[in-house]
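Some notes on the structure that comes next.
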Amino acid sequence: MSPNPPKKEYTRKDFSSDQEVRWCPGCGDYAILAAVQRVLPDLGSTPENTVFISGIGCSSRFPYYMNTYGFHTIHGRAPAIATGLKLANPELDVWVITGDGDGLSIGGNHLLHVLRRNVDLQILLFNNQIYGLTKGQYSPTSQVGKVTPSSPLGSVDQPIVPARFALGARATFVARSYDTSKRLPETLTDAHKHDGAAFIEVLQNCPVFNDGVFDLITDRKTGPAYQLWLENGQPMRFGANGEKGLHMNPKTLTLEVVTVGEEGITEADIVVHDETNLSLAWMLTDLPGVVALGVLYRQPGPVYNESVTKQRELAKERFGEPDLKALLRTGHTWTVV
Amino acid sequence: METSAAARVHPSPREILDSVVIRFAGDSGDGMQLTGSQFTTATAVAGNDLATFPDFPAEIRAPAGTTYGVSGFQIHFAAHDIRTPGDAPDVLVAMNPAALKVNIDVLEPGGLLVVNTGAFNKNNLAKAGYEENPLDDGSLDPFRILAIDITKMTLESVKGIGLGSKDAQRCKNMWTLGLMYWLFGRERESTVRWLEKKFVKTPKVLEANIAALNAGHIYGENADLPHGIGAYQVPAAKLEPGQYRNISGNEATAWGLVTGAKLAGLEIVYGSYPITPASNLLHNLARLKQFGVTTFQAEDEIAAVSAAVGASFGGAIGVTGTSGPGVALKSEAIGLAIATELPLVIVDVQRGGPSTGLPTKTEQSDLFQAVWGRNGDAPLAVLAAATPGDCFYMAVEAVRIAVKYMTPVMLLSDGYLANGAEPWHLPDIDALEPFPVQFRDDPEGFMPFMRDKDTLARVWAIPGTPGLEHRIGGLEKQQDTGHISYDPENHHMMTKLREAKVQRIAKDVPKAAIDQGDPRGDMLVVGWGSTYGAISQAVRMLRERGRKVSHLHLRNIWPLPEGVGDLLRSFGSVLVPELNNGQLVKLLRAEYLVDADSLTKIAGQPFRISELVEAAEERLKRSLQ
Ligand SMILES: Cc1ncc(C[n+]2csc(CCOP(=O)(O)OP(=O)(O)O)c2C)c(N)n1
Ligand code: SF4
Ligand SMILES: [Mg+2]
């Protein structure tokens, strides 16, 4: 979305800063960083017009490693700061980096409002189901029963489903991927193309405080059985050999996992993905025994920063060129001689 | 026009008065704020100096007739220069028993009381807590009373226009205003013009309001007023020649911010979350989009200030306005702007008390919060406006300091300034010195925290500039490079550096100067903020009595301007009156080791001049013993 086409061919290196990366060895954040650095040149981004804004958390160290403009702000507030930046300069291409604690605990309110306003941003929520930086307390996405220093007998909090939160906030773009996925750049590209707030949940492994929570999904061997990659207009099939699919039970209005070829199920019984279908997207956020990946929902709507710009132009049209002297003289004035 | 008719009916000349204080009081639904502001405009047209003080309840629609639903508006106008809305009213207009009950104690004996007897029925008397009708029990004997059934008179005056009885009754305030206009020789024209605009779509309502206004006036012309009540005249004051308007503090602040941004060559992003008494700053600025103002009504105060910080990062001037509870929420983000050395203007329109406190009442109790209220050693500049009109200049100054020193600036206003109005001599905009911002654009030798030698301000390099890509954040940073640094000595040095930068501002603002009186004497009265007018009048009275008292008023609260210490030490005693539990006084004692004495008032109400005079006299006596 940079206004000027790049003058030179940028490469991954142009987007990497000289700062030493300080995440723990094996942290999923490395893979996400690499994917972002790799995809930016393909998006036509330029270092000078790109800004990364983060809150606080391991994930929020991200901007330091990008050779773009960056702002490592305060816990939970990145969406609000990014909104202000977009109001000051709508031409900038702004990415928000947040964590499950940063974006859904302390910053939940701001995330809600940035999504409903539909500010033109890419929002990456690194979900490791734990507070990494503060050394491993349970987070709002941790599973019930999670044993952590602050929950020695297991967490009793019900977890939030980030994509469901986003849809509830009327997000216009909701996607999901995971740290080491080869298809992460593709999802990032889709998000970048979207006008408005694009929300991506990235499942991220924290080997130090929450190792392996997503292993079943992300492991090369077990993964295919649990990954449902969504393709708009295509039947929703998955499984090692694509033998499984999602079928709509007309009685309960729920999606069920079925096997094509068994119990009389054919390809025609598999639901076709429609990115613009909100009800479908809602069901896809939390499926039994399988995780939907890719774009769950995409339905463009009015973009906040564009509407604001339009109003400002309208005000200029309606009230004419600004004149401070006239402003001070609005209403009643009188002259003392 | 009818005005000359008045002179014919009452050939006796109007009694000349030097100054008058009127308080309009009625039920929240009686339109007293409107009546007061109309009287203000007409008074300004008549050429008097004036000051006003609206005093309304926290409840939007308190139950009718109750004492806590009483809304008041006080105006002080005079043939000379005045600076406060007056200590106690000479004239009280009470539209119902509750309004009488709440206000009668402050009316001076011999004062003029105008009451609407039509509202003094059993029900209203009971709601106000009167067992007997005060109009009959002799308790009002010390006053001159003009008791009129205004309700009935109003209904009669609008008869035939075809309004429902509720709408017809609503015209009571215009009838009352008409009478007051006649009593004090004001022209009706400005109000008629205002009504024509307001009710352009409802011609019947317009007709009724004008009819009631005229009827009240005619009543004054024709009625046989009780003994001792006549028509008055307050001659025009000698104001400095020039063009004037009435202005409230929040209007002045909004226009000052816009002017400051213009002088800096920047656009404004104003983030705010509604809160009394700061909300109409947001309303005022939202109407000024054509001036390059973007307003953002955020989800809370944290988002409001955060958006302002983000906007400053992007090269606009980020501004956020609120009251004390909102500043509390903003503290962490203000700290971020301090750590990242970004310009930011925070307007705190102070109100009373901790927590929700007294939302609609005035107080000066956020001084400590402004100067010290953040985690870590986190200095910023604090300014305080003295009068409604001064809010304009202080807002310009806040923008200037913020962009010149790359620092947050807190501008303290308060409920009294925000809503109070005064005639304002319009500034010559062309005479204001521009302070254009220079963004860094040269990559040669660029480091994000390199500084100007004189101001110590860091460079402002904004996203979108090729070759200057850099990262900033709240973590401690190495000087110049801005790289994250946990080095102990570096943190010590950076803390000192941030402090030194803010202290440099002291050299860039006017030196402390006596506002009134001699540079040495028996007592120095030191004030700040909205108490300026009351202290100034009190010191004038004390000096007229021959007391060796002087007045120092501080607009720069932090850093304190140069020369304050010398002045404090040039007087036998120092008195610091404040509408809080003693904050500036502690700052002065800590900074200058002087035995400054505190005078506090924490009532949600401004100082009365007499209170200040008495307190000063009492202390002078004590120190001479
Ligand atoms: C106001 C405030 N409260 C608390 C903290 C401490 N804190 C820092 S990061 C964090 C949680 C981060 O969790 P998450 O967003 O999931 O990020 P992760 O480290 O897991 O990437 C907390 C509680 C803080 N920095 N600021
Ligand atoms: S604590 Fe976990 S999330 Fe944080 S850097 Fe280490 S591995 Fe990554
Ligand atoms: Mg986390």
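In the structure tokens, chains take the letters A, B, ... in the order shown, each chain's residues start at 1, and ligands count up from 1 in the order shown.
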
Using only C-alpha atoms and all ligand atoms, I'd like a table of the residues in chain A that come within 9 Å of ligand 2; for each, show the closest atom pair and its distance in Å rounded to one decimal, ordered by chain and ascending number, as CSV.
residue,atom,partner,partner_atom_place_in_ligand_line,distance
A:Arg22,CA,ligand 2,5 (S),7.3
A:Trp23,CA,ligand 2,5 (S),3.9
A:Cys24,CA,ligand 2,6 (Fe),4.1
A:Pro25,CA,ligand 2,7 (S),6.9
A:Gly26,CA,ligand 2,7 (S),6.6
A:Cys27,CA,ligand 2,7 (S),4.1
A:Gly28,CA,ligand 2,8 (Fe),6.3
A:Asp29,CA,ligand 2,8 (Fe),6.2
A:Tyr30,CA,ligand 2,8 (Fe),8.4
A:Gly57,CA,ligand 2,4 (Fe),7.5
A:Cys58,CA,ligand 2,4 (Fe),4.6
A:Ser59,CA,ligand 2,3 (S),6.6
A:Phe126,CA,ligand 2,3 (S),8.9
A:Asn128,CA,ligand 2,3 (S),6.8
A:Ile130,CA,ligand 2,3 (S),8.0
A:Tyr131,CA,ligand 2,3 (S),7.7
A:Gly132,CA,ligand 2,1 (S),4.2
A:Leu133,CA,ligand 2,4 (Fe),5.4
A:Thr134,CA,ligand 2,1 (S),8.1
A:Lys135,CA,ligand 2,1 (S),6.6
A:Gly136,CA,ligand 2,1 (S),7.4
A:Gln204,CA,ligand 2,3 (S),7.8
A:Asn205,CA,ligand 2,3 (S),7.1
A:Cys206,CA,ligand 2,2 (Fe),3.8
A:Pro207,CA,ligand 2,7 (S),4.9
A:Val208,CA,ligand 2,7 (S),4.9
A:Phe209,CA,ligand 2,2 (Fe),5.8
A:Asn210,CA,ligand 2,2 (Fe),7.3
A:Asp211,CA,ligand 2,7 (S),8.3

Go ahead and save the residues from that selection, with C-alpha atoms, as an mmCIF file, in the first residue's frame.
data_model
loop_
_atom_site.group_PDB
_atom_site.id
_atom_site.type_symbol
_atom_site.label_atom_id
_atom_site.label_comp_id
_atom_site.auth_asym_id
_atom_site.auth_seq_id
_atom_site.Cartn_x
_atom_site.Cartn_y
_atom_site.Cartn_z
ATOM 1 C CA ARG A 22 17.125 -11.997 21.590
ATOM 2 C CA TRP A 23 14.390 -14.613 21.620
ATOM 3 C CA CYS A 24 15.094 -18.004 23.246
ATOM 4 C CA PRO A 25 16.588 -20.615 20.944
ATOM 5 C CA GLY A 26 13.817 -22.500 19.184
ATOM 6 C CA CYS A 27 11.172 -19.828 19.805
ATOM 7 C CA GLY A 28 8.457 -19.742 17.157
ATOM 8 C CA ASP A 29 8.925 -15.992 16.852
ATOM 9 C CA TYR A 30 12.046 -16.565 14.722
ATOM 10 C CA GLY A 57 5.813 -9.154 25.464
ATOM 11 C CA CYS A 58 8.356 -11.446 23.838
ATOM 12 C CA SER A 59 6.453 -11.106 20.570
ATOM 13 C CA PHE A 126 1.257 -14.320 18.266
ATOM 14 C CA ASN A 128 1.544 -19.050 22.444
ATOM 15 C CA ILE A 130 1.121 -18.165 27.739
ATOM 16 C CA TYR A 131 2.683 -14.992 29.123
ATOM 17 C CA GLY A 132 6.191 -15.522 27.835
ATOM 18 C CA LEU A 133 7.989 -12.388 28.926
ATOM 19 C CA THR A 134 6.818 -12.535 32.539
ATOM 20 C CA LYS A 135 7.950 -16.139 32.749
ATOM 21 C CA GLY A 136 5.049 -18.354 32.090
ATOM 22 C CA GLN A 204 3.349 -19.818 18.069
ATOM 23 C CA ASN A 205 5.359 -22.287 20.049
ATOM 24 C CA CYS A 206 7.033 -21.131 23.248
ATOM 25 C CA PRO A 207 9.539 -23.908 23.902
ATOM 26 C CA VAL A 208 10.433 -22.500 27.307
ATOM 27 C CA PHE A 209 7.058 -22.039 29.030
ATOM 28 C CA ASN A 210 4.507 -23.855 26.910
ATOM 29 C CA ASP A 211 6.349 -26.266 24.687
#

What's the 8 Å shell around Lys316 of chain A, counting only C-alpha atoms, without same-chain residues fewer than 6 positions away, as a list of chain:residue names?
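Here the answer would be A:Pro322, B:Lys289, B:Gln290.
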
Dump as CSV the rows for residues of chain B within 8 Å of chain A: closest atom pair and distance in Å with one decimal, only C-alpha atoms counted, ordered by chain and rising residue number.
residue,atom,partner,partner_atom,distance
B:Thr41,CA,A:His332,CA,7.9
B:Val45,CA,A:Trp334,CA,6.8
B:Gly47,CA,A:Val336,CA,7.7
B:Leu239,CA,A:Val336,CA,6.8
B:Glu240,CA,A:Val336,CA,7.0
B:Pro241,CA,A:Val336,CA,4.7
B:Gly242,CA,A:Val336,CA,5.3
B:Gln243,CA,A:Thr335,CA,4.3
B:Tyr244,CA,A:Trp334,CA,5.2
B:Arg245,CA,A:Thr333,CA,4.5
B:Asn246,CA,A:Thr333,CA,7.6
B:Trp255,CA,A:Leu328,CA,7.6
B:Thr259,CA,A:Leu324,CA,7.2
B:Glu267,CA,A:Ala88,CA,7.7
B:Val269,CA,A:Ala88,CA,6.7
B:Lys289,CA,A:Arg312,CA,5.3
B:Gln290,CA,A:Lys316,CA,4.6
B:Phe291,CA,A:Pro322,CA,5.3
B:Gly292,CA,A:Arg312,CA,7.6
B:Thr294,CA,A:Leu87,CA,7.4
B:Glu299,CA,A:His113,CA,6.9
B:Ile302,CA,A:Arg77,CA,7.7
B:Ala303,CA,A:Ala80,CA,5.1
B:Ala304,CA,A:Ala80,CA,7.5
B:Ser306,CA,A:Ile81,CA,4.8
B:Ala307,CA,A:Gly84,CA,3.8
B:Ala308,CA,A:Gly84,CA,5.8
B:Val309,CA,A:Ile81,CA,6.4
B:Gly310,CA,A:Ile81,CA,4.3
B:Ala311,CA,A:Leu85,CA,4.4
B:Ser312,CA,A:Leu85,CA,7.5
B:Phe313,CA,A:Leu85,CA,6.8
B:Gly314,CA,A:Leu85,CA,5.3
B:Gly315,CA,A:Ala88,CA,6.8
B:Ala316,CA,A:Ala88,CA,5.7
B:Glu332,CA,A:Ile74,CA,7.7
B:Ala333,CA,A:Ile74,CA,7.1
B:Leu336,CA,A:Thr73,CA,7.0
B:Leu426,CA,A:Leu328,CA,7.4
B:Ile429,CA,A:Lys325,CA,6.9
B:Pro463,CA,A:Tyr69,CA,5.9
B:Gly464,CA,A:Asn49,CA,4.6
B:Thr465,CA,A:Glu48,CA,5.7
B:Pro466,CA,A:Glu48,CA,5.0
B:Gly467,CA,A:Glu48,CA,6.9
B:Leu468,CA,A:Glu48,CA,7.4
B:Glu469,CA,A:Tyr69,CA,4.8
B:His470,CA,A:Tyr69,CA,5.0
B:Arg471,CA,A:Gly70,CA,4.3
B:Ile472,CA,A:Phe71,CA,5.0
B:Gly473,CA,A:His72,CA,4.3
B:Gly474,CA,A:Thr73,CA,6.0

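Excluding His492 of chain B itself and same-chain residues fewer than 3 positions from it, the residues having an atom within 12 Å of it are Gly376, Asp377, Glu476, Lys477, Gln478, Gln479, Ser485, Tyr486, Asp487, Pro488, Glu489, Thr495, Lys496, Leu497, Arg498 and Glu499 of chain B, counting only C-alpha atoms.
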
Those in segment 350-526 of chain B with helix (DSSP H, G or I) from DSSP, as a PyMOL selection string
chain B and resi 367-372+390-405+415-419+429-431+488-508

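The environment of Ala264 of chain B within 7 Å, counting only C-alpha atoms and disregarding residues fewer than 6 places along the same chain, consists of B:Pro434, B:Phe435, B:Pro436, B:Val437.
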
Same residues, C-alpha atoms, output as a PDB file, in the first residue's frame:
ATOM      1  CA  PRO B 434       5.728  31.291  14.157  1.00  0.00           C
ATOM      2  CA  PHE B 435       7.834  28.356  15.327  1.00  0.00           C
ATOM      3  CA  PRO B 436       7.945  26.078  12.258  1.00  0.00           C
ATOM      4  CA  VAL B 437       8.993  22.491  12.890  1.00  0.00           C
TER       5      VAL B 437
END

For Gly324 of chain B, find every residue with an atom within 12 Å (counting only C-alpha atoms), except residues of its own chain fewer than 2 positions away, and show them as a tab-separated table (two decimals) with N, CA and C atoms, in the first residue's frame.
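File produced: part-v8.tsv:
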chain	number	residue	atom	x	y	z
B	275	ILE	N	-15.43	13.58	29.17
B	275	ILE	CA	-15.42	13.72	30.63
B	275	ILE	C	-15.67	15.19	30.98
B	276	THR	N	-16.50	15.43	31.94
B	276	THR	CA	-16.75	16.78	32.44
B	276	THR	C	-15.54	17.23	33.24
B	277	PRO	N	-15.08	18.43	33.12
B	277	PRO	CA	-15.55	19.52	32.27
B	277	PRO	C	-14.69	19.73	31.02
B	278	ALA	N	-14.18	18.61	30.47
B	278	ALA	CA	-13.30	18.74	29.30
B	278	ALA	C	-14.01	18.42	27.98
B	301	GLU	N	-9.50	6.73	27.94
B	301	GLU	CA	-8.45	7.74	27.98
B	301	GLU	C	-7.09	7.19	27.57
B	321	GLY	N	-7.10	15.67	25.65
B	321	GLY	CA	-7.70	16.50	26.68
B	321	GLY	C	-8.58	15.67	27.57
B	322	THR	N	-8.60	16.01	28.86
B	322	THR	CA	-9.36	15.24	29.82
B	322	THR	C	-9.45	16.01	31.13
B	326	GLY	N	-9.02	11.11	34.07
B	326	GLY	CA	-8.48	10.69	32.78
B	326	GLY	C	-6.97	10.79	32.74
B	327	VAL	N	-6.42	11.83	33.38
B	327	VAL	CA	-4.96	11.95	33.42
B	327	VAL	C	-4.36	10.74	34.14
B	328	ALA	N	-5.06	10.29	35.20
B	328	ALA	CA	-4.57	9.12	35.93
B	328	ALA	C	-4.44	7.93	34.98
B	329	LEU	N	-5.42	7.75	34.12
B	329	LEU	CA	-5.36	6.63	33.18
B	329	LEU	C	-4.28	6.81	32.12
B	330	LYS	N	-3.97	8.03	31.82
B	330	LYS	CA	-3.02	8.32	30.73
B	330	LYS	C	-1.56	8.25	31.16
B	331	SER	N	-1.32	8.14	32.49
B	331	SER	CA	0.05	8.31	32.98
B	331	SER	C	1.07	7.43	32.27
B	346	ILE	N	-1.07	17.59	26.75
B	346	ILE	CA	-2.15	17.01	27.55
B	346	ILE	C	-2.87	18.17	28.23
B	347	VAL	N	-4.16	18.31	27.97
B	347	VAL	CA	-4.92	19.36	28.64
B	347	VAL	C	-5.70	18.71	29.79
B	348	ASP	N	-5.47	19.20	31.00
B	348	ASP	CA	-6.20	18.69	32.17
B	348	ASP	C	-7.13	19.79	32.65
B	349	VAL	N	-8.42	19.63	32.36
B	349	VAL	CA	-9.41	20.57	32.87
B	349	VAL	C	-9.84	20.02	34.23
B	350	GLN	N	-9.21	20.55	35.28
B	350	GLN	CA	-9.36	19.95	36.61
B	350	GLN	C	-10.77	20.09	37.17
B	351	ARG	N	-11.16	19.09	37.96
B	351	ARG	CA	-12.42	19.13	38.68
B	351	ARG	C	-12.16	18.67	40.11
B	352	GLY	N	-13.22	18.58	40.91
B	352	GLY	CA	-12.99	18.38	42.34
B	352	GLY	C	-12.82	16.94	42.77
B	353	GLY	N	-11.94	16.74	43.75
B	353	GLY	CA	-11.90	15.51	44.52
B	353	GLY	C	-11.18	14.34	43.91
B	354	PRO	N	-10.84	13.34	44.73
B	354	PRO	CA	-10.31	12.09	44.20
B	354	PRO	C	-11.45	11.27	43.58
B	355	SER	N	-11.11	10.28	42.79
B	355	SER	CA	-12.09	9.44	42.11
B	355	SER	C	-13.08	10.32	41.34
B	356	THR	N	-14.34	9.99	41.34
B	356	THR	CA	-15.29	10.80	40.58
B	356	THR	C	-15.49	12.16	41.22
B	357	GLY	N	-15.35	12.23	42.53
B	357	GLY	CA	-15.31	13.50	43.24
B	357	GLY	C	-16.49	14.40	42.97
B	358	LEU	N	-16.19	15.64	42.62
B	358	LEU	CA	-17.22	16.63	42.29
B	358	LEU	C	-17.05	16.98	40.81
B	359	PRO	N	-17.71	16.20	39.95
B	359	PRO	CA	-17.42	16.33	38.52
B	359	PRO	C	-17.69	17.71	37.93
B	362	THR	N	-15.18	23.07	40.49
B	362	THR	CA	-13.80	23.40	40.14
B	362	THR	C	-12.86	23.12	41.30
B	363	GLU	N	-11.61	22.82	40.97
B	363	GLU	CA	-10.58	22.59	41.98
B	363	GLU	C	-9.22	22.68	41.29
B	364	GLN	N	-8.16	22.82	42.11
B	364	GLN	CA	-6.81	22.89	41.54
B	364	GLN	C	-5.96	21.75	42.08
B	365	SER	N	-6.56	20.58	42.21
B	365	SER	CA	-5.88	19.53	42.97
B	365	SER	C	-5.09	18.54	42.13
B	366	ASP	N	-4.84	18.88	40.86
B	366	ASP	CA	-4.04	17.97	40.03
B	366	ASP	C	-2.61	18.47	39.82
B	367	LEU	N	-2.20	19.45	40.59
B	367	LEU	CA	-0.84	19.97	40.37
B	367	LEU	C	0.20	18.89	40.61
B	368	PHE	N	0.06	18.17	41.71
B	368	PHE	CA	1.03	17.09	41.98
B	368	PHE	C	0.97	16.02	40.90
B	369	GLN	N	-0.26	15.66	40.52
B	369	GLN	CA	-0.40	14.64	39.49
B	369	GLN	C	0.30	15.10	38.20
B	370	ALA	N	0.16	16.38	37.89
B	370	ALA	CA	0.77	16.89	36.66
B	370	ALA	C	2.29	16.85	36.75
B	373	GLY	N	3.09	12.85	38.79
B	373	GLY	CA	2.25	11.65	38.78
B	373	GLY	C	2.54	10.60	37.75
B	410	MET	N	1.93	19.44	29.92
B	410	MET	CA	0.60	19.36	30.52
B	410	MET	C	0.10	20.78	30.71
B	411	LEU	N	-1.08	21.06	30.17
B	411	LEU	CA	-1.69	22.38	30.35
B	411	LEU	C	-2.84	22.23	31.35
B	412	LEU	N	-2.72	22.93	32.47
B	412	LEU	CA	-3.76	22.85	33.49
B	412	LEU	C	-4.77	23.98	33.31
B	413	SER	N	-6.01	23.57	33.15
B	413	SER	CA	-7.14	24.49	33.18
B	413	SER	C	-8.01	23.97	34.32
B	414	ASP	N	-9.21	24.49	34.48
B	414	ASP	CA	-10.11	23.90	35.47
B	414	ASP	C	-11.55	24.24	35.11
B	415	GLY	N	-12.45	23.67	35.87
B	415	GLY	CA	-13.87	23.82	35.56
B	415	GLY	C	-14.31	25.27	35.54

Hey, which of B:Asn375, B:Thr66, B:Asn580, B:Ser157 ends up closest to ligand 1? Count only C-alpha atoms and all ligand atoms.
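The closest residue to ligand 1 is B:Asn375.
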
I'd like to know which residues of segment 97-324 of chain A are strand (DSSP E) (by DSSP, run on the backbone); could you write them as a count of residues only?
48

Which residues come within 7 Å of segment 188-202 of chain A, counting only C-alpha atoms, excluding same-chain residues fewer than 5 positions away, as a list of chain:residue names?
A:Leu43, A:Leu115, A:Asn118, A:Val119, A:Asp120, A:Leu121, A:Gln122, A:Ile123, A:Leu124, A:Leu125, A:Phe126, A:Asn127, A:Pro162, A:Ala171, A:Thr172, A:Phe173, A:Val174, A:Ala175, A:Arg176, A:Ser177, A:Tyr178, A:Asp179, A:Pro300, A:Val303

Have a look at A:Ala225, A:Gly108, A:Glu267, A:Leu280 and name the one nearest to ligand 1; count only C-alpha atoms and all ligand atoms.
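Checking each of A:Ala225, A:Gly108, A:Glu267, A:Leu280 against ligand 1, counting only C-alpha atoms and all ligand atoms, the winner is A:Gly108.
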
Distance criterion (only C-alpha atoms and all ligand atoms): nearest to ligand 1 out of A:Val291, A:Ile217, A:Leu253, A:Ile106:
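Of A:Val291, A:Ile217, A:Leu253, A:Ile106, the one nearest ligand 1 is A:Ile106, counting only C-alpha atoms and all ligand atoms.
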
Would you please work out which residue, of B:Leu195, B:Leu579, B:Ile535, B:Val115, is nearest to Ala603 of chain B when using only C-alpha atoms?
B:Leu579

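Of the listed residues (B:Ile218, B:Leu163, B:Ile145, B:Leu257), B:Leu257 comes nearest to Leu344 of chain B; the distances count only C-alpha atoms.
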
Shell of 12 Å around segment 384-386 of chain B, only C-alpha atoms, local chain residues under 5 positions omitted, as number ranges by chain:
B: 83-84, 249-250, 252-253, 256, 346-350, 364, 366-367, 370-371, 391-398, 409-418, 420, 527-536, 552-560, 584
